[in-house]
file protein-v8.tsv (TSV, C-alpha atoms)
chain	number	residue	atom	x	y	z
A	1	HIS	CA	111.44	75.96	102.94
A	2	ASN	CA	110.56	72.37	101.96
A	3	ILE	CA	108.69	71.78	105.23
A	4	PRO	CA	105.84	69.19	105.14
A	5	VAL	CA	102.41	70.56	106.10
A	6	VAL	CA	99.42	68.84	107.69
A	7	GLU	CA	95.91	70.31	107.98
A	8	THR	CA	93.43	70.39	110.87
A	9	ILE	CA	89.68	70.11	110.28
A	10	ALA	CA	89.31	73.90	110.35
A	11	GLY	CA	92.41	74.28	108.19
A	12	ARG	CA	91.43	71.91	105.38
A	13	ALA	CA	91.78	73.34	101.85
A	14	THR	CA	94.65	75.67	102.76
A	15	MET	CA	96.82	73.66	100.36
A	16	LEU	CA	96.03	71.80	97.15
A	17	GLN	CA	96.03	68.02	97.40
A	18	ASP	CA	98.65	67.57	94.68
A	19	ASN	CA	101.17	69.73	96.54
A	20	PRO	CA	103.99	67.25	97.36
A	21	LEU	CA	104.39	68.85	100.80
A	22	ASN	CA	100.72	68.33	101.75
A	23	ALA	CA	100.89	65.30	104.05
A	24	GLY	CA	97.14	65.18	104.67
A	25	PRO	CA	94.71	65.92	107.52
A	26	ILE	CA	95.89	65.28	111.08
A	27	GLY	CA	94.24	63.73	114.12
A	28	VAL	CA	91.45	61.36	115.07
A	29	THR	CA	89.42	62.29	112.00
A	30	GLY	CA	92.46	62.63	109.79
A	31	SER	CA	94.97	60.41	108.04
A	32	ASP	CA	97.71	57.99	108.99
A	33	SER	CA	100.02	59.99	106.74
A	34	ALA	CA	99.74	63.20	108.79
A	35	ASN	CA	99.76	61.30	112.07
A	36	HIS	CA	102.90	59.36	111.12
A	37	MET	CA	104.67	62.61	110.22
A	38	ALA	CA	103.61	64.14	113.54
A	39	ASN	CA	104.85	61.05	115.39
A	40	GLU	CA	108.40	61.60	114.16
A	41	ALA	CA	108.58	65.40	114.08
A	42	ASP	CA	111.17	67.09	116.29
A	43	VAL	CA	109.72	70.58	115.76
A	44	VAL	CA	106.04	71.32	115.15
A	45	LEU	CA	104.89	74.78	114.09
A	46	ALA	CA	101.18	75.07	114.97
A	47	ILE	CA	99.64	77.94	112.99
A	48	GLY	CA	96.28	79.26	114.18
A	49	THR	CA	95.12	75.95	115.65
A	50	ARG	CA	93.46	75.38	119.02
A	51	LEU	CA	95.28	72.01	119.29
A	52	GLN	CA	92.01	70.45	120.42
A	53	ASP	CA	91.33	66.80	121.19
A	54	PHE	CA	90.50	65.63	117.66
A	55	THR	CA	93.53	67.44	116.22
A	56	THR	CA	96.05	66.01	118.67
A	57	GLY	CA	94.41	62.61	119.09
A	58	SER	CA	94.27	63.24	122.84
A	59	TRP	CA	97.95	64.12	122.37
A	60	THR	CA	98.84	60.69	120.96
A	61	VAL	CA	99.84	61.91	117.49
A	62	PHE	CA	103.01	63.50	118.90
A	63	LYS	CA	105.07	60.59	120.16
A	64	ASN	CA	108.56	62.12	120.03
A	65	PRO	CA	109.35	63.01	123.67
A	66	GLU	CA	111.92	65.58	122.48
A	67	MET	CA	109.46	67.36	120.19
A	68	LYS	CA	109.39	71.15	120.47
A	69	LEU	CA	106.10	72.94	119.81
A	70	VAL	CA	105.94	76.50	118.50
A	71	SER	CA	102.38	77.85	118.48
A	72	ILE	CA	101.38	80.96	116.51
A	73	ASN	CA	97.98	82.31	117.51
A	74	VAL	CA	96.19	85.60	118.08
A	75	ALA	CA	94.62	84.09	121.21
A	76	LYS	CA	96.96	83.68	124.17
A	77	PHE	CA	94.74	80.91	125.57
A	78	ASP	CA	95.49	78.75	122.53
A	79	ALA	CA	99.07	79.87	121.93
A	80	ILE	CA	100.32	78.69	125.34
A	81	LYS	CA	98.81	75.20	125.20
A	82	HIS	CA	100.89	72.05	125.75
A	83	MET	CA	103.98	73.91	127.04
A	84	SER	CA	104.56	75.47	123.63
A	85	TYR	CA	106.86	78.29	122.66
A	86	PRO	CA	103.99	80.77	122.17
A	87	VAL	CA	103.99	83.44	119.46
A	88	LEU	CA	101.12	85.91	119.81
A	89	GLY	CA	100.38	87.28	116.38
A	90	ASP	CA	98.53	87.11	113.10
A	91	ALA	CA	99.32	83.91	111.20
A	92	LYS	CA	100.24	85.48	107.86
A	93	THR	CA	102.32	88.28	109.39
A	94	SER	CA	104.15	85.90	111.71
A	95	MET	CA	104.87	83.38	108.96
A	96	THR	CA	106.23	86.12	106.67
A	97	LYS	CA	108.63	87.29	109.37
A	98	LEU	CA	109.64	83.74	110.25
A	99	SER	CA	110.34	82.96	106.58
A	100	ALA	CA	112.60	86.00	106.36
A	101	LEU	CA	114.52	84.82	109.44
A	102	LEU	CA	114.95	81.36	107.94
A	103	GLY	CA	116.43	82.85	104.80
A	104	ASP	CA	117.70	80.12	102.46
A	105	TRP	CA	117.26	77.31	105.01
A	106	ARG	CA	115.43	74.24	103.73
A	107	SER	CA	114.28	71.06	105.42
A	108	GLY	CA	115.95	67.85	104.24
A	109	ASP	CA	114.76	66.20	101.03
A	110	GLU	CA	114.45	62.83	102.80
A	111	TRP	CA	111.87	64.30	105.20
A	112	SER	CA	109.81	65.89	102.42
A	113	ALA	CA	110.01	62.68	100.37
A	114	LYS	CA	108.59	60.79	103.37
A	115	ALA	CA	105.66	63.24	103.48
A	116	LYS	CA	104.84	62.54	99.83
A	117	ALA	CA	105.14	58.76	100.26
A	118	GLU	CA	102.89	58.82	103.32
A	119	ALA	CA	100.34	61.02	101.53
A	120	ASP	CA	100.29	58.67	98.55
A	121	GLU	CA	99.36	55.78	100.88
A	122	TRP	CA	96.59	57.89	102.40
A	123	LYS	CA	95.21	58.78	98.96
A	124	ALA	CA	95.16	55.07	98.10
A	125	LEU	CA	93.14	54.41	101.27
A	126	VAL	CA	90.75	57.23	100.35
A	127	HIS	CA	90.24	55.62	96.95
A	128	ARG	CA	89.39	52.30	98.59
A	129	ARG	CA	86.98	53.92	101.05
A	130	THR	CA	85.25	55.99	98.37
A	131	HIS	CA	84.90	52.97	96.07
A	132	PRO	CA	83.51	50.21	98.34
A	133	GLN	CA	83.37	46.67	97.04
A	134	GLU	CA	80.35	44.40	96.97
A	135	GLY	CA	79.60	43.19	100.48
A	136	ASP	CA	81.18	46.19	102.23
A	137	LEU	CA	77.79	47.85	102.80
A	138	LEU	CA	74.21	46.82	103.45
A	139	PRO	CA	72.29	46.16	100.21
A	140	GLY	CA	70.97	49.31	98.52
A	141	MET	CA	72.90	51.62	100.81
A	142	SER	CA	75.91	53.86	100.41
A	143	SER	CA	78.51	55.26	102.80
A	144	TYR	CA	79.49	58.82	103.62
A	145	ALA	CA	82.87	58.13	102.02
A	146	GLU	CA	81.27	56.94	98.79
A	147	VAL	CA	79.16	60.11	98.51
A	148	ILE	CA	82.23	62.27	99.17
A	149	GLY	CA	84.11	60.33	96.51
A	150	LYS	CA	81.37	61.26	94.03
A	151	LEU	CA	81.69	64.93	94.98
A	152	ASN	CA	85.49	64.79	94.67
A	153	THR	CA	85.00	64.24	90.94
A	154	SER	CA	81.70	66.07	90.31
A	155	MET	CA	82.11	69.50	91.89
A	156	GLU	CA	83.35	72.32	89.70
A	157	LYS	CA	85.85	75.12	90.19
A	158	GLY	CA	84.39	77.75	92.51
A	159	ASP	CA	81.93	75.37	94.23
A	160	THR	CA	81.99	75.20	98.03
A	161	VAL	CA	81.36	72.06	100.11
A	162	LEU	CA	79.89	72.59	103.59
A	163	THR	CA	78.90	70.47	106.59
A	164	ALA	CA	78.89	70.62	110.37
A	165	ALA	CA	77.86	67.69	112.56
A	166	GLY	CA	77.56	63.93	112.92
A	167	GLY	CA	79.79	61.65	110.87
A	168	LEU	CA	80.17	63.98	107.90
A	169	PRO	CA	82.89	66.30	109.31
A	170	ALA	CA	85.16	63.34	110.01
A	171	GLU	CA	84.42	61.77	106.65
A	172	LEU	CA	85.01	65.02	104.76
A	173	SER	CA	88.19	65.69	106.73
A	174	MET	CA	89.61	62.30	105.87
A	175	ASN	CA	88.30	61.74	102.33
A	176	TRP	CA	88.03	65.17	100.73
A	177	GLN	CA	90.62	65.93	98.06
A	178	ASN	CA	91.46	69.65	97.88
A	179	TYR	CA	91.40	70.77	94.27
A	180	GLN	CA	90.99	74.46	95.09
A	181	ILE	CA	91.85	76.74	98.01
A	182	GLY	CA	89.34	77.88	100.59
A	183	LYS	CA	86.18	76.21	99.23
A	184	PHE	CA	85.69	73.90	102.21
A	185	ASP	CA	83.63	74.75	105.29
A	186	ILE	CA	83.21	72.56	108.36
A	187	ASP	CA	81.68	74.26	111.40
A	188	PHE	CA	82.92	71.64	113.87
A	189	GLY	CA	83.88	73.66	116.95
A	190	TYR	CA	80.85	72.39	118.83
A	191	SER	CA	79.53	69.90	116.26
A	192	CYS	CA	76.66	72.31	115.60
A	193	MET	CA	73.70	70.26	114.38
A	194	GLY	CA	71.52	72.44	112.21
A	195	TYR	CA	74.26	74.75	110.93
A	196	GLU	CA	74.44	72.99	107.59
A	197	ILE	CA	71.41	74.26	105.67
A	198	ALA	CA	71.40	77.71	107.28
A	199	GLY	CA	75.15	77.99	106.75
A	200	GLY	CA	74.74	76.87	103.15
A	201	TRP	CA	72.21	79.62	102.52
A	202	GLY	CA	74.64	82.18	103.96
A	203	ALA	CA	77.53	80.75	101.92
A	204	LYS	CA	75.46	81.06	98.76
A	205	ILE	CA	74.67	84.69	99.56
A	206	ALA	CA	78.42	85.26	99.88
A	207	ASN	CA	79.20	83.22	96.71
A	208	PRO	CA	76.33	83.99	94.31
A	209	ASP	CA	78.17	82.91	91.16
A	210	ASN	CA	79.06	79.37	92.27
A	211	ASP	CA	77.23	76.42	93.75
A	212	VAL	CA	77.27	75.59	97.45
A	213	VAL	CA	76.96	71.87	98.17
A	214	VAL	CA	75.58	71.13	101.64
A	215	LEU	CA	76.12	67.70	103.20
A	216	VAL	CA	73.67	67.06	106.03
A	217	GLY	CA	72.55	64.04	108.02
A	218	ASP	CA	68.93	63.18	108.72
A	219	GLY	CA	69.29	64.25	112.36
A	220	SER	CA	70.66	67.71	111.55
A	221	TYR	CA	68.10	68.13	108.78
A	222	LEU	CA	65.28	67.60	111.27
A	223	ILE	CA	66.77	70.08	113.71
A	224	GLN	CA	67.04	72.94	111.20
A	225	ASN	CA	65.71	72.75	107.65
A	226	SER	CA	63.48	75.78	107.10
A	227	ASP	CA	66.20	77.74	105.29
A	228	ILE	CA	65.55	75.48	102.31
A	229	TYR	CA	62.42	77.60	101.96
A	230	SER	CA	64.43	80.77	102.64
A	231	SER	CA	66.85	79.89	99.84
A	232	VAL	CA	63.99	79.21	97.40
A	233	LEU	CA	62.19	82.39	98.43
A	234	THR	CA	65.27	84.60	97.97
A	235	GLY	CA	66.64	82.84	94.88
A	236	HIS	CA	69.85	81.62	96.54
A	237	LYS	CA	70.11	78.13	95.11
A	238	MET	CA	71.88	75.40	97.08
A	239	ILE	CA	72.51	71.74	96.38
A	240	VAL	CA	71.64	69.81	99.54
A	241	VAL	CA	72.69	66.17	99.90
A	242	VAL	CA	70.77	64.49	102.73
A	243	CYS	CA	72.62	61.41	104.01
A	244	ASP	CA	69.92	59.41	105.78
A	245	ASN	CA	71.28	56.70	108.09
A	246	GLY	CA	68.10	56.34	110.12
A	247	GLY	CA	69.10	58.14	113.30
A	248	PHE	CA	72.20	59.32	115.13
A	249	ALA	CA	74.49	56.61	113.77
A	250	VAL	CA	77.75	58.22	114.91
A	251	ILE	CA	76.54	58.39	118.50
A	252	ASN	CA	75.31	54.81	118.15
A	253	LYS	CA	78.85	53.78	117.12
A	254	LEU	CA	80.26	55.56	120.17
A	255	GLN	CA	77.64	53.86	122.31
A	256	ASN	CA	78.70	50.45	120.98
A	257	ASN	CA	82.42	51.27	121.12
A	258	THR	CA	82.10	51.98	124.83
A	259	GLY	CA	80.61	48.56	125.48
A	260	ASN	CA	76.94	49.53	125.53
A	261	GLU	CA	74.09	48.07	123.55
A	262	SER	CA	72.35	50.24	120.97
A	263	PHE	CA	69.65	52.34	122.62
A	264	ASN	CA	67.60	55.25	121.31
A	265	ASN	CA	70.09	56.50	118.71
A	266	LEU	CA	69.01	54.57	115.64
A	267	LEU	CA	65.31	54.75	114.81
A	268	GLU	CA	65.07	50.96	114.85
A	269	ASP	CA	66.34	50.94	118.45
A	270	CYS	CA	63.94	53.58	119.74
A	271	ARG	CA	61.04	52.78	122.04
A	272	ARG	CA	57.83	53.15	120.03
A	273	PRO	CA	54.44	52.63	121.67
A	274	ASP	CA	52.88	51.00	118.61
A	275	GLY	CA	55.99	49.30	117.24
A	276	GLU	CA	55.72	51.21	113.96
A	277	LEU	CA	58.91	52.68	112.48
A	278	ALA	CA	58.08	56.09	111.06
A	279	ARG	CA	60.60	57.36	108.52
A	280	VAL	CA	60.63	60.91	107.20
A	281	ASP	CA	60.27	61.32	103.44
A	282	PHE	CA	62.95	63.99	103.09
A	283	ALA	CA	62.42	64.40	99.35
A	284	LYS	CA	58.72	65.21	99.82
A	285	HIS	CA	59.52	67.46	102.77
A	286	ALA	CA	62.03	69.49	100.74
A	287	GLU	CA	59.59	69.66	97.83
A	288	ALA	CA	56.94	71.06	100.17
A	289	GLN	CA	59.35	73.96	100.84
A	290	GLY	CA	59.59	74.73	97.15
A	291	ALA	CA	62.81	72.87	96.35
A	292	ILE	CA	63.31	70.32	93.61
A	293	SER	CA	64.14	66.95	95.13
A	294	GLU	CA	64.74	63.29	94.45
A	295	LYS	CA	65.42	60.15	96.43
A	296	LEU	CA	68.09	57.85	94.97
A	297	THR	CA	67.50	54.11	94.87
A	298	SER	CA	71.25	53.53	94.44
A	299	VAL	CA	74.40	55.63	94.73
A	300	ASP	CA	75.03	54.69	91.10
A	301	GLU	CA	72.39	57.30	90.31
A	302	PHE	CA	74.31	60.06	92.10
A	303	ASP	CA	76.30	61.46	89.17
A	304	ALA	CA	73.21	61.94	87.01
A	305	ALA	CA	71.25	63.41	89.92
A	306	PHE	CA	74.07	65.83	90.71
A	307	ALA	CA	74.20	66.92	87.06
A	308	ARG	CA	70.45	67.68	87.23
A	309	ALA	CA	71.02	69.62	90.44
A	310	LYS	CA	73.73	71.71	88.78
A	311	GLU	CA	71.34	72.63	85.97
A	312	ALA	CA	68.38	73.41	88.25
A	313	ASP	CA	67.15	76.97	88.75
A	314	ARG	CA	66.51	76.61	92.48
A	315	THR	CA	67.60	74.66	95.56
A	316	TYR	CA	67.90	70.97	94.76
A	317	VAL	CA	67.80	68.22	97.39
A	318	ILE	CA	69.27	64.75	96.82
A	319	VAL	CA	68.47	62.07	99.41
A	320	VAL	CA	70.80	59.08	99.81
A	321	ASP	CA	70.36	56.11	102.17
A	322	ILE	CA	73.54	55.58	104.23
A	323	ASP	CA	74.62	52.34	105.89
A	324	PRO	CA	74.47	53.14	109.65
A	325	VAL	CA	77.08	50.51	110.56
A	326	SER	CA	79.71	51.20	107.89
A	327	PRO	CA	83.18	51.85	109.43
A	328	ALA	CA	83.67	55.40	110.64
A	329	ALA	CA	86.56	57.58	109.45
A	330	TRP	CA	88.16	57.62	112.89
A	331	SER	CA	88.43	53.81	112.90
A	332	LYS	CA	91.04	54.11	110.12
A	333	CYS	CA	93.47	56.54	111.75
A	334	ASP	CA	96.57	55.60	113.67
A	335	CYS	CA	95.90	57.55	116.86
A	336	TRP	CA	93.80	57.35	119.98
A	337	TRP	CA	90.84	59.38	121.19
A	338	GLU	CA	90.28	59.58	124.94
A	339	VAL	CA	86.56	59.05	125.45
A	340	GLY	CA	85.37	58.91	129.06
A	341	LEU	CA	83.76	55.66	130.23
A	342	PRO	CA	81.69	54.62	133.28
A	343	GLU	CA	83.56	54.19	136.57
A	344	VAL	CA	80.98	51.65	137.73
A	345	THR	CA	79.22	49.04	135.57
A	346	ARG	CA	77.60	45.61	135.87
A	347	ASN	CA	77.94	45.00	132.14
A	348	GLU	CA	80.86	42.69	131.25
A	349	GLU	CA	81.30	44.20	127.80
A	350	THR	CA	81.43	47.71	129.23
A	351	ALA	CA	83.92	46.55	131.88
A	352	LYS	CA	86.14	45.17	129.10
A	353	LYS	CA	85.97	48.47	127.23
A	354	VAL	CA	86.90	50.31	130.44
A	355	ALA	CA	89.93	48.03	130.85
A	356	ASP	CA	90.97	48.64	127.23
A	357	TRP	CA	90.58	52.38	127.78
A	358	GLU	CA	92.74	52.28	130.92
A	359	GLU	CA	95.39	50.38	128.96
A	360	GLY	CA	95.24	53.08	126.31
A	361	ARG	CA	95.74	55.76	128.96
A	362	VAL	CA	98.84	53.97	130.29
A	363	THR	CA	100.21	53.64	126.77
A	364	GLN	CA	99.53	57.32	126.16
A	365	ARG	CA	101.41	58.37	129.31
A	366	ARG	CA	104.42	56.28	128.32
A	367	GLY	CA	104.39	57.73	124.83
A	368	VAL	CA	104.43	54.26	123.29
call {"tool": "encode", "arguments": {"input": "protein-v8.tsv", "output": "structure tokens"}}
result
Amino acid sequence: HNIPVVETIAGRATMLQDNPLNAGPIGVTGSDSANHMANEADVVLAIGTRLQDFTTGSWTVFKNPEMKLVSINVAKFDAIKHMSYPVLGDAKTSMTKLSALLGDWRSGDEWSAKAKAEADEWKALVHRRTHPQEGDLLPGMSSYAEVIGKLNTSMEKGDTVLTAAGGLPAELSMNWQNYQIGKFDIDFGYSCMGYEIAGGWGAKIANPDNDVVVLVGDGSYLIQNSDIYSSVLTGHKMIVVVCDNGGFAVINKLQNNTGNESFNNLLEDCRRPDGELARVDFAKHAEAQGAISEKLTSVDEFDAAFARAKEADRTYVIVVDIDPVSPAAWSKCDCWWEVGLPEVTRNEETAKKVADWEEGRVTQRRGV
């Protein structure tokens, strides 16, 4: 019916990236292309989505005050959100019936052409983010986006990419390029730290003939890593890419963005009784569990390391140092995320952030 489509985090890889009607991922962790389309839409058909905060950009991605929302969902709780026209039903069954009712109707070519033009701009931004220039990052370090860019071109048909928590879900949502359907798994309902490696093992059990590539941060790795041993023991090989940014860098960014000084999120900002900064050797740790592992000295080594991982006969762990202060994916999207701030503060910087937040709330209410 020539209707442009945008994808939520949970809905990524439902359409191929070269489909001219695929306008990109929506929301705080998405793309300007999808958000711009949502801004102008007069009818939005929400299929199987919870319309949560990241998806709707705290409801700032829908700026047309006349917009009508039709929500198809098996759960009444989600179907009735945001004063929608709720349709309780299975997504595929409901869409088939709706398509029959639409008959030969097609959306205008100008609207679909706008979707393609917007998506082309987003893809250009993805290329810039996944190919940083000299000076963009701290020396010897990479970015999440750069690693994802490597995987965009290195993974093979049938391979699954999987992540869950920290900065990686946002970065995958924004920068991943769908080249096959349904081989993309982000468990981001509750940002479940520790799902990654265990989930990767399960995904490999379900997909024994293809590789599962797990993206995990150093924080999530430390919370749950023992299924590396489980995968080696049972012969379910994974490729695990550990993105080590020296702490909880995403939370540190949120801490700074709300006007606070860095405290206890990055290792270098933690209180240590002896002043020593202990860093985990993730490559040695994975090797102790029976995996093959290597620590890269530069992201330029990634392609060769990934090729070795593909040829390996057991779980293979690649460790990459990530710049903890590189721009986050959400800083590039044209929408607003409502993050609560302190009602009382003596810190001038925090007070300024509170004022900016209040201004954002006023703007949101006016639909500007």
call {"tool": "atom_distance", "arguments": {"input": "protein-v8.tsv", "atom1": "atom CA of A:Met67", "atom2": "atom CA of A:Lys116"}}
result
21.4 Å
call {"tool": "closest_atom_pairs", "arguments": {"input": "protein-v8.tsv", "of": "stretch 169-207 of chain A", "to": "stretch 332-354 of chain A", "cutoff": "12 Å", "atoms": "all atoms listed in the file", "output": "CSV"}}
result
residue,atom,partner,partner_atom,distance
A:Ala170,CA,A:Cys333,CA,10.9
A:Glu171,CA,A:Lys332,CA,10.7
A:Ser173,CA,A:Cys333,CA,11.7
A:Met174,CA,A:Cys333,CA,9.1
A:Asn175,CA,A:Lys332,CA,11.2
call {"tool": "closest_residue", "arguments": {"input": "protein-v8.tsv", "among": "A:Asp313, A:Asp281, A:Glu156, A:Glu40", "to": "A:Lys114", "atoms": "only C-alpha atoms"}}
result
A:Glu40
call {"tool": "residues_around", "arguments": {"input": "protein-v8.tsv", "residues": "A:Lys295", "least_positions_apart": "4", "cutoff": "8 Å", "atoms": "only C-alpha atoms", "output": "VMD selection string"}}
result
chain A and resid 283 318 to 320
call {"tool": "atom_distance", "arguments": {"input": "protein-v8.tsv", "atom1": "atom CA of A:Gly149", "atom2": "atom CA of A:Thr130"}}
result
4.9 Å
call {"tool": "residues_around", "arguments": {"input": "protein-v8.tsv", "residues": "A:Gly24", "least_positions_apart": "2", "cutoff": "7 Å", "atoms": "all atoms listed in the file", "output": "list in words"}}
result
Val6, Glu7, Asn22, Ile26, Ser31, Ser33, Ala34 and Ala119 of chain A
call {"tool": "atom_distance", "arguments": {"input": "protein-v8.tsv", "atom1": "atom CA of A:Ala312", "atom2": "atom CA of A:Ile292"}}
result
8.0 Å
call {"tool": "residues_around", "arguments": {"input": "protein-v8.tsv", "residues": "stretch 85-89 of chain A", "least_positions_apart": "6", "cutoff": "9 Å", "atoms": "all atoms listed in the file", "output": "list in words"}}
result
Lys68, Leu69, Val70, Ser71, Ile72, Asn73, Val74, Ala75, Lys76, Asp78 and Ala79 of chain A
call {"tool": "closest_atom_pairs", "arguments": {"input": "protein-v8.tsv", "of": "stretch 283-343 of chain A", "to": "stretch 238-260 of chain A", "cutoff": "6 Å", "atoms": "only C-alpha atoms", "output": "JSON lines"}}
result
{"residue": "A:Thr315", "atom": "CA", "partner": "A:Met238", "partner_atom": "CA", "distance": 4.6}
{"residue": "A:Tyr316", "atom": "CA", "partner": "A:Ile239", "partner_atom": "CA", "distance": 4.9}
{"residue": "A:Val317", "atom": "CA", "partner": "A:Val240", "partner_atom": "CA", "distance": 4.7}
{"residue": "A:Ile318", "atom": "CA", "partner": "A:Val241", "partner_atom": "CA", "distance": 4.8}
{"residue": "A:Val319", "atom": "CA", "partner": "A:Val242", "partner_atom": "CA", "distance": 4.7}
{"residue": "A:Val320", "atom": "CA", "partner": "A:Cys243", "partner_atom": "CA", "distance": 5.1}
{"residue": "A:Asp321", "atom": "CA", "partner": "A:Asp244", "partner_atom": "CA", "distance": 4.9}
{"residue": "A:Ile322", "atom": "CA", "partner": "A:Asn245", "partner_atom": "CA", "distance": 4.6}
{"residue": "A:Asp323", "atom": "CA", "partner": "A:Asn245", "partner_atom": "CA", "distance": 5.9}
{"residue": "A:Pro324", "atom": "CA", "partner": "A:Asn245", "partner_atom": "CA", "distance": 5.0}
call {"tool": "closest_residue", "arguments": {"input": "protein-v8.tsv", "among": "A:His82, A:Ala145, A:Ser107, A:Asn210", "to": "A:Lys157", "atoms": "only C-alpha atoms"}}
result
A:Asn210
call {"tool": "closest_residue", "arguments": {"input": "protein-v8.tsv", "among": "A:Ala304, A:Leu51, A:Val216, A:Leu16", "to": "A:Ile80", "atoms": "only C-alpha atoms"}}
result
A:Leu51
call {"tool": "axis_aligned_box", "arguments": {"input": "protein-v8.tsv", "around": "stretch 228-232 of chain A", "padding_each_side": "8 Å", "output": "JSON"}}
result
{"center_x": 64.6, "center_y": 78.1, "center_z": 100.0, "size_x": 20.4, "size_y": 21.3, "size_z": 21.2}
call {"tool": "build_atoms", "arguments": {"input": "protein-v8.tsv", "residues": "stretch 164-178 of chain A", "atoms": "N, CA, C and O atoms", "output": "mmCIF file, in the frame of the given file"}}
result
data_model
loop_
_atom_site.group_PDB
_atom_site.id
_atom_site.type_symbol
_atom_site.label_atom_id
_atom_site.label_comp_id
_atom_site.auth_asym_id
_atom_site.auth_seq_id
_atom_site.Cartn_x
_atom_site.Cartn_y
_atom_site.Cartn_z
ATOM 1 N N ALA A 164 78.662 70.177 108.999
ATOM 2 C CA ALA A 164 78.890 70.620 110.370
ATOM 3 C C ALA A 164 78.947 69.484 111.385
ATOM 4 O O ALA A 164 79.866 69.426 112.186
ATOM 5 N N ALA A 165 77.980 68.564 111.401
ATOM 6 C CA ALA A 165 77.860 67.690 112.560
ATOM 7 C C ALA A 165 77.663 66.236 112.151
ATOM 8 O O ALA A 165 77.453 65.913 110.988
ATOM 9 N N GLY A 166 77.727 65.349 113.157
ATOM 10 C CA GLY A 166 77.560 63.930 112.920
ATOM 11 C C GLY A 166 78.816 63.307 112.340
ATOM 12 O O GLY A 166 79.933 63.714 112.651
ATOM 13 N N GLY A 167 78.640 62.331 111.448
ATOM 14 C CA GLY A 167 79.790 61.650 110.870
ATOM 15 C C GLY A 167 80.407 62.385 109.705
ATOM 16 O O GLY A 167 81.554 62.110 109.323
ATOM 17 N N LEU A 168 79.690 63.338 109.116
ATOM 18 C CA LEU A 168 80.170 63.980 107.900
ATOM 19 C C LEU A 168 81.431 64.817 108.077
ATOM 20 O O LEU A 168 82.302 64.808 107.194
ATOM 21 N N PRO A 169 81.622 65.573 109.174
ATOM 22 C CA PRO A 169 82.890 66.300 109.310
ATOM 23 C C PRO A 169 84.109 65.388 109.286
ATOM 24 O O PRO A 169 85.104 65.686 108.621
ATOM 25 N N ALA A 170 84.034 64.272 109.998
ATOM 26 C CA ALA A 170 85.160 63.340 110.010
ATOM 27 C C ALA A 170 85.385 62.749 108.623
ATOM 28 O O ALA A 170 86.531 62.633 108.156
ATOM 29 N N GLU A 171 84.286 62.386 107.960
ATOM 30 C CA GLU A 171 84.420 61.770 106.650
ATOM 31 C C GLU A 171 84.950 62.761 105.608
ATOM 32 O O GLU A 171 85.761 62.403 104.756
ATOM 33 N N LEU A 172 84.493 64.010 105.674
ATOM 34 C CA LEU A 172 85.010 65.020 104.760
ATOM 35 C C LEU A 172 86.478 65.306 105.062
ATOM 36 O O LEU A 172 87.303 65.436 104.154
ATOM 37 N N SER A 173 86.808 65.418 106.348
ATOM 38 C CA SER A 173 88.190 65.690 106.730
ATOM 39 C C SER A 173 89.129 64.630 106.185
ATOM 40 O O SER A 173 90.195 64.936 105.650
ATOM 41 N N MET A 174 88.735 63.376 106.298
ATOM 42 C CA MET A 174 89.610 62.300 105.870
ATOM 43 C C MET A 174 89.599 62.090 104.358
ATOM 44 O O MET A 174 90.643 61.834 103.751
ATOM 45 N N ASN A 175 88.437 62.188 103.713
ATOM 46 C CA ASN A 175 88.300 61.740 102.330
ATOM 47 C C ASN A 175 88.256 62.841 101.287
ATOM 48 O O ASN A 175 88.362 62.555 100.091
ATOM 49 N N TRP A 176 88.085 64.078 101.703
ATOM 50 C CA TRP A 176 88.030 65.170 100.730
ATOM 51 C C TRP A 176 89.390 65.374 100.090
ATOM 52 O O TRP A 176 90.423 65.305 100.754
ATOM 53 N N GLN A 177 89.396 65.644 98.796
ATOM 54 C CA GLN A 177 90.620 65.930 98.060
ATOM 55 C C GLN A 177 90.587 67.392 97.608
ATOM 56 O O GLN A 177 89.773 67.763 96.762
ATOM 57 N N ASN A 178 91.459 68.220 98.182
ATOM 58 C CA ASN A 178 91.460 69.650 97.880
ATOM 59 C C ASN A 178 91.907 69.900 96.438
ATOM 60 O O ASN A 178 93.059 69.634 96.099
#
